[in-house]
Structure formats: structure tokens, C-alpha cells
$ cat entry.cif   # mmCIF, C-alpha atoms and all ligand atoms
data_upload
#
loop_
_atom_site.group_PDB
_atom_site.id
_atom_site.type_symbol
_atom_site.label_atom_id
_atom_site.label_comp_id
_atom_site.auth_asym_id
_atom_site.auth_seq_id
_atom_site.Cartn_x
_atom_site.Cartn_y
_atom_site.Cartn_z
ATOM 1 C CA PRO A 207 4.358 8.324 23.680
ATOM 2 C CA SER A 208 2.995 10.457 20.841
ATOM 3 C CA ALA A 209 5.238 8.901 18.169
ATOM 4 C CA VAL A 210 2.872 5.986 17.755
ATOM 5 C CA ILE A 211 3.444 3.672 14.778
ATOM 6 C CA VAL A 212 0.400 2.054 13.161
ATOM 7 C CA ALA A 213 0.678 -0.667 10.486
ATOM 8 C CA ILE A 214 -2.370 -1.294 8.295
ATOM 9 C CA ASP A 215 -2.179 -4.239 5.898
ATOM 10 C CA GLY A 216 -4.605 -6.129 3.703
ATOM 11 C CA PRO A 217 -5.538 -6.916 0.107
ATOM 12 C CA SER A 218 -6.795 -4.332 -2.395
ATOM 13 C CA GLY A 219 -10.335 -3.030 -2.205
ATOM 14 C CA THR A 220 -10.643 -3.202 1.568
ATOM 15 C CA GLY A 221 -10.683 0.590 1.893
ATOM 16 C CA LYS A 222 -7.118 0.562 3.226
ATOM 17 C CA SER A 223 -6.019 3.900 1.749
ATOM 18 C CA SER A 224 -9.131 5.907 2.621
ATOM 19 C CA THR A 225 -9.130 4.412 6.104
ATOM 20 C CA SER A 226 -5.412 4.927 6.757
ATOM 21 C CA LYS A 227 -5.447 8.527 5.548
ATOM 22 C CA ALA A 228 -8.468 9.401 7.695
ATOM 23 C CA VAL A 229 -7.054 7.712 10.796
ATOM 24 C CA ALA A 230 -3.774 9.622 10.391
ATOM 25 C CA ALA A 231 -5.600 12.926 9.860
ATOM 26 C CA LYS A 232 -7.818 12.396 12.919
ATOM 27 C CA LEU A 233 -4.906 11.529 15.185
ATOM 28 C CA GLY A 234 -2.437 14.112 13.846
ATOM 29 C CA LEU A 235 -0.103 11.433 12.507
ATOM 30 C CA ARG A 236 1.850 11.232 9.253
ATOM 31 C CA TYR A 237 0.695 8.835 6.526
ATOM 32 C CA LEU A 238 2.640 6.600 4.148
ATOM 33 C CA ASP A 239 1.108 4.746 1.188
ATOM 34 C CA THR A 240 3.660 2.004 0.455
ATOM 35 C CA GLY A 241 1.672 0.694 -2.516
ATOM 36 C CA ALA A 242 2.249 4.074 -4.173
ATOM 37 C CA GLN A 243 6.008 3.526 -3.833
ATOM 38 C CA TYR A 244 5.822 0.120 -5.563
ATOM 39 C CA ARG A 245 3.606 1.683 -8.222
ATOM 40 C CA ALA A 246 6.120 4.516 -8.669
ATOM 41 C CA ILE A 247 9.054 2.177 -9.245
ATOM 42 C CA THR A 248 6.876 0.155 -11.651
ATOM 43 C CA TRP A 249 5.925 3.308 -13.563
ATOM 44 C CA TRP A 250 9.618 4.254 -13.829
ATOM 45 C CA MET A 251 10.452 0.760 -15.194
ATOM 46 C CA ILE A 252 7.717 1.007 -17.838
ATOM 47 C CA THR A 253 8.704 4.551 -18.832
ATOM 48 C CA ASN A 254 12.363 3.568 -19.126
ATOM 49 C CA GLY A 255 11.797 0.451 -21.209
ATOM 50 C CA VAL A 256 12.649 -2.112 -18.532
ATOM 51 C CA ASP A 257 10.888 -5.450 -19.135
ATOM 52 C CA THR A 258 8.842 -5.850 -15.955
ATOM 53 C CA ASP A 259 8.540 -9.601 -16.572
ATOM 54 C CA ASP A 260 12.328 -9.970 -16.380
ATOM 55 C CA PRO A 261 13.269 -10.088 -12.666
ATOM 56 C CA GLN A 262 16.977 -9.673 -13.440
ATOM 57 C CA ALA A 263 16.410 -6.553 -15.499
ATOM 58 C CA VAL A 264 14.124 -5.163 -12.773
ATOM 59 C CA ALA A 265 16.719 -5.975 -10.079
ATOM 60 C CA LEU A 266 19.475 -4.209 -12.023
ATOM 61 C CA ALA A 267 17.393 -1.057 -12.491
ATOM 62 C CA ALA A 268 15.829 -1.006 -9.027
ATOM 63 C CA GLY A 269 18.232 1.527 -7.520
ATOM 64 C CA LYS A 270 17.986 4.068 -10.335
ATOM 65 C CA PRO A 271 14.776 6.029 -9.678
ATOM 66 C CA ALA A 272 14.648 8.427 -6.716
ATOM 67 C CA ILE A 273 11.252 7.987 -5.061
ATOM 68 C CA VAL A 274 10.096 10.610 -2.573
ATOM 69 C CA SER A 275 6.856 10.348 -0.553
ATOM 70 C CA GLY A 276 5.176 13.307 1.139
ATOM 71 C CA THR A 277 3.478 12.125 4.337
ATOM 72 C CA ASP A 278 0.820 14.771 5.033
ATOM 73 C CA PRO A 279 -2.444 12.739 5.232
ATOM 74 C CA HIS A 280 -4.384 15.746 3.914
ATOM 75 C CA ALA A 281 -2.221 15.927 0.774
ATOM 76 C CA PRO A 282 0.022 12.895 0.312
ATOM 77 C CA THR A 283 2.449 13.204 -2.611
ATOM 78 C CA ILE A 284 4.786 10.968 -4.577
ATOM 79 C CA THR A 285 7.539 12.008 -6.961
ATOM 80 C CA VAL A 286 9.946 10.019 -9.114
ATOM 81 C CA ASP A 287 13.173 11.842 -9.986
ATOM 82 C CA GLY A 288 11.428 15.040 -8.981
ATOM 83 C CA VAL A 289 8.406 14.478 -11.239
ATOM 84 C CA ASP A 290 4.884 14.300 -9.771
ATOM 85 C CA ALA A 291 3.791 10.676 -10.229
ATOM 86 C CA ALA A 292 0.422 10.759 -8.420
ATOM 87 C CA ALA A 293 -1.683 10.303 -11.563
ATOM 88 C CA PRO A 294 0.451 8.001 -13.783
ATOM 89 C CA ILE A 295 0.933 5.414 -11.019
ATOM 90 C CA ARG A 296 -2.842 4.741 -11.027
ATOM 91 C CA THR A 297 -3.170 3.609 -14.652
ATOM 92 C CA ARG A 298 -4.351 0.127 -15.498
ATOM 93 C CA GLU A 299 -0.951 -0.699 -17.027
ATOM 94 C CA VAL A 300 0.894 0.061 -13.790
ATOM 95 C CA THR A 301 -1.721 -1.841 -11.773
ATOM 96 C CA ALA A 302 -1.284 -4.879 -14.032
ATOM 97 C CA LYS A 303 2.519 -4.865 -13.700
ATOM 98 C CA VAL A 304 3.118 -3.816 -10.108
ATOM 99 C CA SER A 305 2.873 -7.316 -8.596
ATOM 100 C CA ALA A 306 5.691 -8.650 -10.794
ATOM 101 C CA VAL A 307 7.944 -5.709 -9.952
ATOM 102 C CA SER A 308 7.191 -5.794 -6.231
ATOM 103 C CA ALA A 309 7.983 -9.529 -6.077
ATOM 104 C CA VAL A 310 11.642 -8.864 -6.965
ATOM 105 C CA PRO A 311 13.719 -9.096 -3.752
ATOM 106 C CA GLU A 312 16.090 -6.227 -4.708
ATOM 107 C CA VAL A 313 13.081 -3.947 -5.166
ATOM 108 C CA ARG A 314 11.684 -4.916 -1.763
ATOM 109 C CA THR A 315 15.037 -4.425 -0.006
ATOM 110 C CA LEU A 316 15.341 -0.873 -1.344
ATOM 111 C CA ILE A 317 11.737 0.153 -0.765
ATOM 112 C CA THR A 318 11.653 -1.430 2.704
ATOM 113 C CA ALA A 319 14.737 0.576 3.746
ATOM 114 C CA LEU A 320 13.087 3.738 2.427
ATOM 115 C CA GLN A 321 9.899 2.966 4.388
ATOM 116 C CA ARG A 322 11.808 2.333 7.624
ATOM 117 C CA SER A 323 13.724 5.588 7.327
ATOM 118 C CA ILE A 324 10.492 7.551 6.764
ATOM 119 C CA ALA A 325 8.829 5.860 9.762
ATOM 120 C CA ALA A 326 11.876 6.633 11.931
ATOM 121 C CA GLU A 327 11.916 10.378 11.156
ATOM 122 C CA GLU A 328 11.546 12.295 14.385
ATOM 123 C CA THR A 329 8.552 14.286 13.252
ATOM 124 C CA GLY A 330 5.872 12.318 15.066
ATOM 125 C CA GLY A 331 3.991 9.073 14.663
ATOM 126 C CA ILE A 332 2.797 7.577 11.413
ATOM 127 C CA VAL A 333 0.197 5.326 9.826
ATOM 128 C CA VAL A 334 1.847 3.056 7.255
ATOM 129 C CA GLU A 335 -0.370 1.049 4.908
ATOM 130 C CA GLY A 336 0.621 -1.853 2.681
ATOM 131 C CA ARG A 337 0.894 -5.619 2.467
ATOM 132 C CA ASP A 338 3.895 -6.524 4.639
ATOM 133 C CA ILE A 339 4.153 -3.631 7.083
ATOM 134 C CA GLY A 340 3.215 -5.583 10.230
ATOM 135 C CA THR A 341 5.143 -8.698 9.220
ATOM 136 C CA THR A 342 8.348 -7.292 7.717
ATOM 137 C CA VAL A 343 8.751 -3.531 7.452
ATOM 138 C CA LEU A 344 7.740 -2.490 10.979
ATOM 139 C CA PRO A 345 7.422 -5.649 13.095
ATOM 140 C CA ASP A 346 7.584 -3.517 16.273
ATOM 141 C CA ALA A 347 4.635 -1.282 15.316
ATOM 142 C CA ASP A 348 2.496 -0.206 18.288
ATOM 143 C CA LEU A 349 -0.671 -1.344 16.542
ATOM 144 C CA LYS A 350 -1.112 -3.722 13.613
ATOM 145 C CA VAL A 351 -4.416 -3.916 11.757
ATOM 146 C CA PHE A 352 -5.272 -6.407 9.015
ATOM 147 C CA LEU A 353 -8.245 -5.346 6.896
ATOM 148 C CA THR A 354 -10.315 -7.898 5.016
ATOM 149 C CA ALA A 355 -13.546 -7.871 2.985
ATOM 150 C CA SER A 356 -15.427 -10.313 0.793
ATOM 151 C CA ALA A 357 -14.282 -10.580 -2.842
ATOM 152 C CA GLU A 358 -17.596 -9.041 -3.962
ATOM 153 C CA ALA A 359 -17.251 -6.034 -1.692
ATOM 154 C CA ARG A 360 -13.645 -5.469 -2.742
ATOM 155 C CA ALA A 361 -14.435 -5.625 -6.458
ATOM 156 C CA ALA A 362 -17.369 -3.247 -6.026
ATOM 157 C CA ARG A 363 -15.217 -0.731 -4.129
ATOM 158 C CA ARG A 364 -12.408 -0.949 -6.648
ATOM 159 C CA SER A 365 -14.659 -0.320 -9.643
ATOM 160 C CA GLY A 366 -16.177 2.597 -7.724
ATOM 161 C CA GLU A 367 -12.663 4.073 -7.461
ATOM 162 C CA LEU A 368 -11.995 3.494 -11.141
ATOM 163 C CA ARG A 369 -15.228 5.105 -12.320
ATOM 164 C CA GLY A 370 -14.526 8.086 -14.517
ATOM 165 C CA GLN A 371 -10.839 7.245 -14.851
ATOM 166 C CA GLU A 372 -10.746 4.061 -16.823
ATOM 167 C CA ALA A 373 -14.078 2.365 -17.117
ATOM 168 C CA ALA A 374 -13.675 -1.295 -16.303
ATOM 169 C CA GLY A 375 -16.478 -3.803 -15.937
ATOM 170 C CA LEU A 376 -17.131 -5.270 -12.519
ATOM 171 C CA ALA A 377 -16.245 -8.778 -13.680
ATOM 172 C CA ALA A 378 -12.941 -7.660 -15.211
ATOM 173 C CA THR A 379 -12.096 -5.634 -12.122
ATOM 174 C CA ARG A 380 -12.879 -8.566 -9.875
ATOM 175 C CA GLU A 381 -10.690 -10.863 -11.962
ATOM 176 C CA ALA A 382 -7.730 -8.446 -12.037
ATOM 177 C CA LEU A 383 -8.006 -7.892 -8.307
ATOM 178 C CA ILE A 384 -8.118 -11.595 -7.484
ATOM 179 C CA LYS A 385 -5.106 -12.175 -9.732
ATOM 180 C CA ARG A 386 -3.100 -9.396 -8.069
ATOM 181 C CA ASP A 387 -3.950 -10.578 -4.556
ATOM 182 C CA ALA A 388 -2.971 -14.146 -5.447
ATOM 183 C CA ALA A 389 0.374 -12.906 -6.785
ATOM 184 C CA ASP A 390 0.962 -10.694 -3.730
ATOM 185 C CA SER A 391 0.033 -13.503 -1.304
ATOM 186 C CA GLY A 392 1.931 -16.206 -3.171
ATOM 187 C CA ARG A 393 5.302 -14.525 -3.728
ATOM 188 C CA LYS A 394 8.381 -15.783 -1.882
ATOM 189 C CA THR A 395 9.678 -12.504 -0.478
ATOM 190 C CA SER A 396 7.512 -10.822 2.109
ATOM 191 C CA PRO A 397 4.058 -11.880 0.876
ATOM 192 C CA LEU A 398 0.765 -10.256 1.837
ATOM 193 C CA ALA A 399 0.037 -11.824 5.227
ATOM 194 C CA LYS A 400 -1.589 -11.083 8.567
ATOM 195 C CA ALA A 401 0.945 -10.702 11.377
ATOM 196 C CA ALA A 402 0.322 -13.025 14.316
ATOM 197 C CA ASP A 403 -0.281 -10.013 16.592
ATOM 198 C CA ALA A 404 -2.464 -8.034 14.143
ATOM 199 C CA VAL A 405 -6.097 -7.163 14.854
ATOM 200 C CA GLU A 406 -8.247 -8.388 11.965
ATOM 201 C CA VAL A 407 -11.102 -6.106 10.924
ATOM 202 C CA ASP A 408 -13.613 -7.472 8.399
ATOM 203 C CA THR A 409 -14.947 -4.384 6.603
ATOM 204 C CA THR A 410 -17.557 -6.139 4.437
ATOM 205 C CA GLU A 411 -20.535 -4.944 6.453
ATOM 206 C CA LEU A 412 -18.993 -1.739 7.825
ATOM 207 C CA THR A 413 -19.100 1.823 6.495
ATOM 208 C CA LEU A 414 -15.839 3.699 6.020
ATOM 209 C CA ASP A 415 -16.631 5.836 9.086
ATOM 210 C CA GLN A 416 -17.167 2.736 11.206
ATOM 211 C CA VAL A 417 -13.801 1.276 10.188
ATOM 212 C CA ILE A 418 -12.054 4.596 10.883
ATOM 213 C CA GLU A 419 -13.721 4.863 14.303
ATOM 214 C CA CYS A 420 -12.748 1.299 15.162
ATOM 215 C CA ILE A 421 -9.061 1.862 14.347
ATOM 216 C CA VAL A 422 -8.915 5.273 16.062
ATOM 217 C CA THR A 423 -10.213 3.584 19.221
ATOM 218 C CA LEU A 424 -7.602 0.831 18.926
ATOM 219 C CA VAL A 425 -4.807 3.423 18.564
ATOM 220 C CA GLU A 426 -6.063 5.439 21.536
ATOM 221 C CA GLU A 427 -5.977 2.281 23.655
ATOM 222 C CA LYS A 428 -2.279 1.900 22.782
ATOM 223 C CA ARG A 429 -1.273 5.489 23.524
HETATM 224 O O1 LIG B 1 -2.028 -0.732 -2.294
HETATM 225 P P1 LIG B 1 -1.875 -0.784 -3.785
HETATM 226 O O2 LIG B 1 -2.979 -1.533 -4.449
HETATM 227 O O3 LIG B 1 -1.631 0.564 -4.390
HETATM 228 O O4 LIG B 1 -0.541 -1.608 -4.007
HETATM 229 C C1 LIG B 1 -0.053 -1.888 -5.283
HETATM 230 C C2 LIG B 1 0.828 -3.125 -5.275
HETATM 231 O O5 LIG B 1 2.058 -2.854 -4.604
HETATM 232 C C3 LIG B 1 0.283 -4.360 -4.590
HETATM 233 O O6 LIG B 1 -0.591 -5.095 -5.427
HETATM 234 C C4 LIG B 1 1.557 -5.130 -4.277
HETATM 235 O O7 LIG B 1 2.010 -5.848 -5.408
HETATM 236 C C5 LIG B 1 2.554 -4.022 -3.989
HETATM 237 N N1 LIG B 1 2.764 -3.783 -2.569
HETATM 238 C C6 LIG B 1 3.628 -4.595 -1.887
HETATM 239 N N2 LIG B 1 3.921 -4.358 -0.577
HETATM 240 C C7 LIG B 1 3.371 -3.318 0.067
HETATM 241 C C8 LIG B 1 2.445 -2.480 -0.594
HETATM 242 C C9 LIG B 1 2.145 -2.747 -1.918
HETATM 243 O O8 LIG B 1 4.153 -5.551 -2.457
HETATM 244 N N3 LIG B 1 3.702 -3.080 1.343
#
$ encode --input "entry.cif" --output "C-alpha cells" --more "lines below"
Ligand code: C5P
Amino acid sequence: PSAVIVAIDGPSGTGKSSTSKAVAAKLGLRYLDTGAQYRAITWWMITNGVDTDDPQAVALAAGKPAIVSGTDPHAPTITVDGVDAAAPIRTREVTAKVSAVSAVPEVRTLITALQRSIAAEETGGIVVEGRDIGTTVLPDADLKVFLTASAEARAARRSGELRGQEAAGLAATREALIKRDAADSGRKTSPLAKAADAVEVDTTELTLDQVIECIVTLVEEKR
């Protein structure tokens, strides 16, 4: 079957987005960045004066923004109420607040439904990256990958991404990243976790191309 569904989960700084996009492009699949959707809803909350530390306020507002994801791996897009949100969802403020917003069950219910409907569209297979794709969103995925890397490698990659945008020291980046992963792993609803049937790939000592090649091979074995 060509409509293969690939779930790629793991903490931040493992190269998840670059890897997932490249795998989708190589295999002619669609691509969905679920972190971007949680960032988009967080950005909307901030812009509309919702206190992101108040789970009740976040729950009440969760259904208001219309989030639309474009799934072309060569040019993925995200809009909120028709406005291009690609840049504003990457600010440090959104990054600092996204874990609190994404821990709210009402937010997860809505975004999970959105993700499932995108994956089910009859326009071919898809690579979906996130934290709970293999465990919760798409438990029947054809292939589940869980990416890991040492804390040092993840912090170094993340500050590489941030360079030029918002200069952040390596130590500060490492601290923020560890805090976010702890929040994402420790929350009650659908925490970051490796599915029992996921293939774990430790990317610490691998180049991006090696990780891509490894996952492409795993997908081809499933097809
Ligand atoms: O992948 P990215 O770092 O952009 O994700 C941003 C945040 O969105 C994560 O730290 C997490 O709080 C949330 N997220 C989630 N479930 C997903 C994907 C992302 O809770 N499937």
C-alpha cells in the first residue's frame, strides 16, 4: 500500500523536523509538524490575551482559532485564522509557553482530532512528527520511530537553529530544553513517550543524512 503512515516522536533537538521533512520528500509522502500546531494555538492565546498559565482559560478558548497545516514537505505551511504563522510560532515566548498550553486536555483533544483527519485524507501517505503520535494520535501507524540524542547534542543542535534569530547562550538553551522536555514527559494527558512497538534511533553520533537513510530503509521494509 502506498498510503503508508509514519510516526516520528522524540524530544526537542533530536533533528526530528529536518529528518521527518526529508524522509517525506524522499518517499513522496505528505508531512505534518504537530509541534507547529501546538505552537500556533499558543501564539493565538498570547496574541488574544489568554493567560497561558490558567488551564481553564486555555480550555475555554481552545476551540476559537482555526489552525490549518499545509503538508507539502518541500514547503510546509501553518496559518491561524488565515494568517501566516510560520515565523511568530518560533519566538522564544511561544517556545516558553507551549508546554503549558499543550498539557491542557481540551487542547489535545481538538488538535489530535485535527491531526487524525489530516492523516486520513485520501491524498497519499504521510510522515507525522511530534511527541505522542505513535502512542496516542496514530497508534496504528505502519512505522513508529522514536528519536533520541544526548542532552549535549540536543542543546547544541537547538542553539544552532536559533542562531541569527534570537541569540541564546548554550547553557540557557540547554536549560530551557530540559525544562520543556520534563514538562512534556511529565504531563498527565498523552505525555512524550516511546510506543512499545517503536524503533528507537539514537542520533547522537549520526549525521542528518544517516538518520534519514535509516528511516527511509525502515519505511521501505514496511511497504
Ligand atoms: O516539536 P516542537 O518543539 O515544535 O513542539 C513544541 C511543543 O509542542 C512541545 O514542547 C510540546 O509541548 C508540544 N507538542 C505536544 N505534542 C506533540 C507535538 C508537540 O505536546 N505531538
$ closest_residue --input "entry.cif" --among "A:Ala267, A:Ala326, A:Ala242, A:Ala388" --to "ligand LIG 1 (chain B)" --atoms "only C-alpha atoms and all ligand atoms"
A:Ala242
$ resolve_selection --input "entry.cif" --expression "the PyMOL selection byres (((chain A and resi 413) around 12) and not hetatm)" --output "mmCIF file with C-alpha atoms, keeping the file's coordinate frame"
data_model
loop_
_atom_site.group_PDB
_atom_site.id
_atom_site.type_symbol
_atom_site.label_atom_id
_atom_site.label_comp_id
_atom_site.auth_asym_id
_atom_site.auth_seq_id
_atom_site.Cartn_x
_atom_site.Cartn_y
_atom_site.Cartn_z
ATOM 1 C CA THR A 220 -10.643 -3.202 1.568
ATOM 2 C CA GLY A 221 -10.683 0.590 1.893
ATOM 3 C CA SER A 224 -9.131 5.907 2.621
ATOM 4 C CA THR A 225 -9.130 4.412 6.104
ATOM 5 C CA ALA A 355 -13.546 -7.871 2.985
ATOM 6 C CA ALA A 359 -17.251 -6.034 -1.692
ATOM 7 C CA ARG A 363 -15.217 -0.731 -4.129
ATOM 8 C CA ASP A 408 -13.613 -7.472 8.399
ATOM 9 C CA THR A 409 -14.947 -4.384 6.603
ATOM 10 C CA THR A 410 -17.557 -6.139 4.437
ATOM 11 C CA GLU A 411 -20.535 -4.944 6.453
ATOM 12 C CA LEU A 412 -18.993 -1.739 7.825
ATOM 13 C CA LEU A 414 -15.839 3.699 6.020
ATOM 14 C CA ASP A 415 -16.631 5.836 9.086
ATOM 15 C CA GLN A 416 -17.167 2.736 11.206
ATOM 16 C CA VAL A 417 -13.801 1.276 10.188
ATOM 17 C CA ILE A 418 -12.054 4.596 10.883
ATOM 18 C CA GLU A 419 -13.721 4.863 14.303
ATOM 19 C CA CYS A 420 -12.748 1.299 15.162
#
$ closest_atom_pairs --input "entry.cif" --of "chain A" --to "ligand LIG 1 (chain B)" --cutoff "9 Å" --atoms "all atoms listed in the file" --output "Markdown table"
| residue | atom | partner | partner_atom | distance |
| --- | --- | --- | --- | --- |
| A:Asp215 | CA | B:LIG1 | N3 | 7.5 |
| A:Gly216 | CA | B:LIG1 | O1 | 8.5 |
| A:Pro217 | CA | B:LIG1 | O2 | 7.5 |
| A:Ser218 | CA | B:LIG1 | O2 | 5.2 |
| A:Gly219 | CA | B:LIG1 | O2 | 7.8 |
| A:Lys222 | CA | B:LIG1 | O1 | 7.6 |
| A:Ser223 | CA | B:LIG1 | O1 | 7.3 |
| A:Asp239 | CA | B:LIG1 | O1 | 7.2 |
| A:Thr240 | CA | B:LIG1 | C8 | 4.8 |
| A:Gly241 | CA | B:LIG1 | O4 | 3.5 |
| A:Ala242 | CA | B:LIG1 | O3 | 5.2 |
| A:Gln243 | CA | B:LIG1 | O5 | 7.5 |
| A:Tyr244 | CA | B:LIG1 | O5 | 4.9 |
| A:Arg245 | CA | B:LIG1 | C1 | 5.9 |
| A:Ile295 | CA | B:LIG1 | O3 | 8.6 |
| A:Arg296 | CA | B:LIG1 | O3 | 7.9 |
| A:Val300 | CA | B:LIG1 | C1 | 8.8 |
| A:Thr301 | CA | B:LIG1 | C1 | 6.7 |
| A:Ala302 | CA | B:LIG1 | O6 | 8.6 |
| A:Lys303 | CA | B:LIG1 | O7 | 8.4 |
| A:Val304 | CA | B:LIG1 | O7 | 5.2 |
| A:Ser305 | CA | B:LIG1 | O7 | 3.6 |
| A:Ala306 | CA | B:LIG1 | O7 | 7.1 |
| A:Val307 | CA | B:LIG1 | O7 | 7.5 |
| A:Ser308 | CA | B:LIG1 | O8 | 4.9 |
| A:Ala309 | CA | B:LIG1 | O8 | 6.6 |
| A:Arg314 | CA | B:LIG1 | O8 | 7.6 |
| A:Ile317 | CA | B:LIG1 | N3 | 8.9 |
| A:Thr318 | CA | B:LIG1 | N3 | 8.2 |
| A:Val334 | CA | B:LIG1 | N3 | 8.7 |
| A:Glu335 | CA | B:LIG1 | N3 | 6.8 |
| A:Gly336 | CA | B:LIG1 | N3 | 3.6 |
| A:Arg337 | CA | B:LIG1 | N3 | 3.9 |
| A:Asp338 | CA | B:LIG1 | N3 | 4.8 |
| A:Ile339 | CA | B:LIG1 | N3 | 5.8 |
| A:Thr342 | CA | B:LIG1 | N3 | 8.9 |
| A:Val343 | CA | B:LIG1 | N3 | 7.9 |
| A:Leu383 | CA | B:LIG1 | O6 | 8.4 |
| A:Arg386 | CA | B:LIG1 | O6 | 5.6 |
| A:Asp387 | CA | B:LIG1 | O6 | 6.5 |
| A:Ala389 | CA | B:LIG1 | O7 | 7.4 |
| A:Asp390 | CA | B:LIG1 | O7 | 5.2 |
| A:Ser391 | CA | B:LIG1 | O7 | 8.9 |
| A:Ser396 | CA | B:LIG1 | O8 | 7.7 |
| A:Pro397 | CA | B:LIG1 | O8 | 7.2 |
| A:Leu398 | CA | B:LIG1 | N2 | 7.1 |
$ write_last_selection --input "entry.cif" --atoms "C-alpha atoms" --output "PDB file, in the coordinates of the input"
ATOM      1  CA  ASP A 215      -2.179  -4.239   5.898  1.00  0.00           C
ATOM      2  CA  GLY A 216      -4.605  -6.129   3.703  1.00  0.00           C
ATOM      3  CA  PRO A 217      -5.538  -6.916   0.107  1.00  0.00           C
ATOM      4  CA  SER A 218      -6.795  -4.332  -2.395  1.00  0.00           C
ATOM      5  CA  GLY A 219     -10.335  -3.030  -2.205  1.00  0.00           C
ATOM      6  CA  LYS A 222      -7.118   0.562   3.226  1.00  0.00           C
ATOM      7  CA  SER A 223      -6.019   3.900   1.749  1.00  0.00           C
ATOM      8  CA  ASP A 239       1.108   4.746   1.188  1.00  0.00           C
ATOM      9  CA  THR A 240       3.660   2.004   0.455  1.00  0.00           C
ATOM     10  CA  GLY A 241       1.672   0.694  -2.516  1.00  0.00           C
ATOM     11  CA  ALA A 242       2.249   4.074  -4.173  1.00  0.00           C
ATOM     12  CA  GLN A 243       6.008   3.526  -3.833  1.00  0.00           C
ATOM     13  CA  TYR A 244       5.822   0.120  -5.563  1.00  0.00           C
ATOM     14  CA  ARG A 245       3.606   1.683  -8.222  1.00  0.00           C
ATOM     15  CA  ILE A 295       0.933   5.414 -11.019  1.00  0.00           C
ATOM     16  CA  ARG A 296      -2.842   4.741 -11.027  1.00  0.00           C
ATOM     17  CA  VAL A 300       0.894   0.061 -13.790  1.00  0.00           C
ATOM     18  CA  THR A 301      -1.721  -1.841 -11.773  1.00  0.00           C
ATOM     19  CA  ALA A 302      -1.284  -4.879 -14.032  1.00  0.00           C
ATOM     20  CA  LYS A 303       2.519  -4.865 -13.700  1.00  0.00           C
ATOM     21  CA  VAL A 304       3.118  -3.816 -10.108  1.00  0.00           C
ATOM     22  CA  SER A 305       2.873  -7.316  -8.596  1.00  0.00           C
ATOM     23  CA  ALA A 306       5.691  -8.650 -10.794  1.00  0.00           C
ATOM     24  CA  VAL A 307       7.944  -5.709  -9.952  1.00  0.00           C
ATOM     25  CA  SER A 308       7.191  -5.794  -6.231  1.00  0.00           C
ATOM     26  CA  ALA A 309       7.983  -9.529  -6.077  1.00  0.00           C
ATOM     27  CA  ARG A 314      11.684  -4.916  -1.763  1.00  0.00           C
ATOM     28  CA  ILE A 317      11.737   0.153  -0.765  1.00  0.00           C
ATOM     29  CA  THR A 318      11.653  -1.430   2.704  1.00  0.00           C
ATOM     30  CA  VAL A 334       1.847   3.056   7.255  1.00  0.00           C
ATOM     31  CA  GLU A 335      -0.370   1.049   4.908  1.00  0.00           C
ATOM     32  CA  GLY A 336       0.621  -1.853   2.681  1.00  0.00           C
ATOM     33  CA  ARG A 337       0.894  -5.619   2.467  1.00  0.00           C
ATOM     34  CA  ASP A 338       3.895  -6.524   4.639  1.00  0.00           C
ATOM     35  CA  ILE A 339       4.153  -3.631   7.083  1.00  0.00           C
ATOM     36  CA  THR A 342       8.348  -7.292   7.717  1.00  0.00           C
ATOM     37  CA  VAL A 343       8.751  -3.531   7.452  1.00  0.00           C
ATOM     38  CA  LEU A 383      -8.006  -7.892  -8.307  1.00  0.00           C
ATOM     39  CA  ARG A 386      -3.100  -9.396  -8.069  1.00  0.00           C
ATOM     40  CA  ASP A 387      -3.950 -10.578  -4.556  1.00  0.00           C
ATOM     41  CA  ALA A 389       0.374 -12.906  -6.785  1.00  0.00           C
ATOM     42  CA  ASP A 390       0.962 -10.694  -3.730  1.00  0.00           C
ATOM     43  CA  SER A 391       0.033 -13.503  -1.304  1.00  0.00           C
ATOM     44  CA  SER A 396       7.512 -10.822   2.109  1.00  0.00           C
ATOM     45  CA  PRO A 397       4.058 -11.880   0.876  1.00  0.00           C
ATOM     46  CA  LEU A 398       0.765 -10.256   1.837  1.00  0.00           C
TER      47      LEU A 398
END
$ residues_around --input "entry.cif" --residues "Gln262 in chain A" --least-positions-apart "6" --cutoff "10 Å" --atoms "all atoms listed in the file" --output "number ranges by chain"
A: 268, 310, 312
$ atom_distance --input "entry.cif" --atom1 "CA of Ala231 in chain A" --atom2 "CA of Ala399 in chain A"
25.8 Å
$ axis_aligned_box --input "entry.cif" --around "range 259-274 of chain A" --padding-each-side "4 Å" --output "lines of an AutoDock Vina configuration file"
center_x = 14.0
center_y = 0.3
center_z = -9.6
size_x = 18.9
size_y = 28.7
size_z = 22.0
$ build_atoms --input "entry.cif" --residues "range 318-329 of chain A" --atoms "N, CA and C atoms" --output "tab-separated table (two decimals), in the frame of the given file"
chain	number	residue	atom	x	y	z
A	318	THR	N	11.81	-1.20	1.26
A	318	THR	CA	11.65	-1.43	2.70
A	318	THR	C	12.57	-0.50	3.51
A	319	ALA	N	13.80	-0.33	3.05
A	319	ALA	CA	14.74	0.58	3.75
A	319	ALA	C	14.20	2.01	3.72
A	320	LEU	N	13.67	2.40	2.57
A	320	LEU	CA	13.09	3.74	2.43
A	320	LEU	C	11.92	3.92	3.42
A	321	GLN	N	11.07	2.91	3.50
A	321	GLN	CA	9.90	2.97	4.39
A	321	GLN	C	10.34	3.07	5.85
A	322	ARG	N	11.34	2.30	6.23
A	322	ARG	CA	11.81	2.33	7.62
A	322	ARG	C	12.41	3.69	7.96
A	323	SER	N	13.11	4.29	7.02
A	323	SER	CA	13.72	5.59	7.33
A	323	SER	C	12.64	6.66	7.44
A	324	ILE	N	11.60	6.58	6.65
A	324	ILE	CA	10.49	7.55	6.76
A	324	ILE	C	9.79	7.37	8.11
A	325	ALA	N	9.52	6.12	8.49
A	325	ALA	CA	8.83	5.86	9.76
A	325	ALA	C	9.66	6.33	10.95
A	326	ALA	N	10.99	6.30	10.81
A	326	ALA	CA	11.88	6.63	11.93
A	326	ALA	C	12.12	8.13	12.06
A	327	GLU	N	11.71	8.93	11.08
A	327	GLU	CA	11.92	10.38	11.16
A	327	GLU	C	11.29	10.91	12.44
A	328	GLU	N	12.01	11.83	13.07
A	328	GLU	CA	11.55	12.30	14.38
A	328	GLU	C	10.54	13.43	14.28
A	329	THR	N	9.56	13.24	13.42
A	329	THR	CA	8.55	14.29	13.25
A	329	THR	C	7.18	13.76	13.65
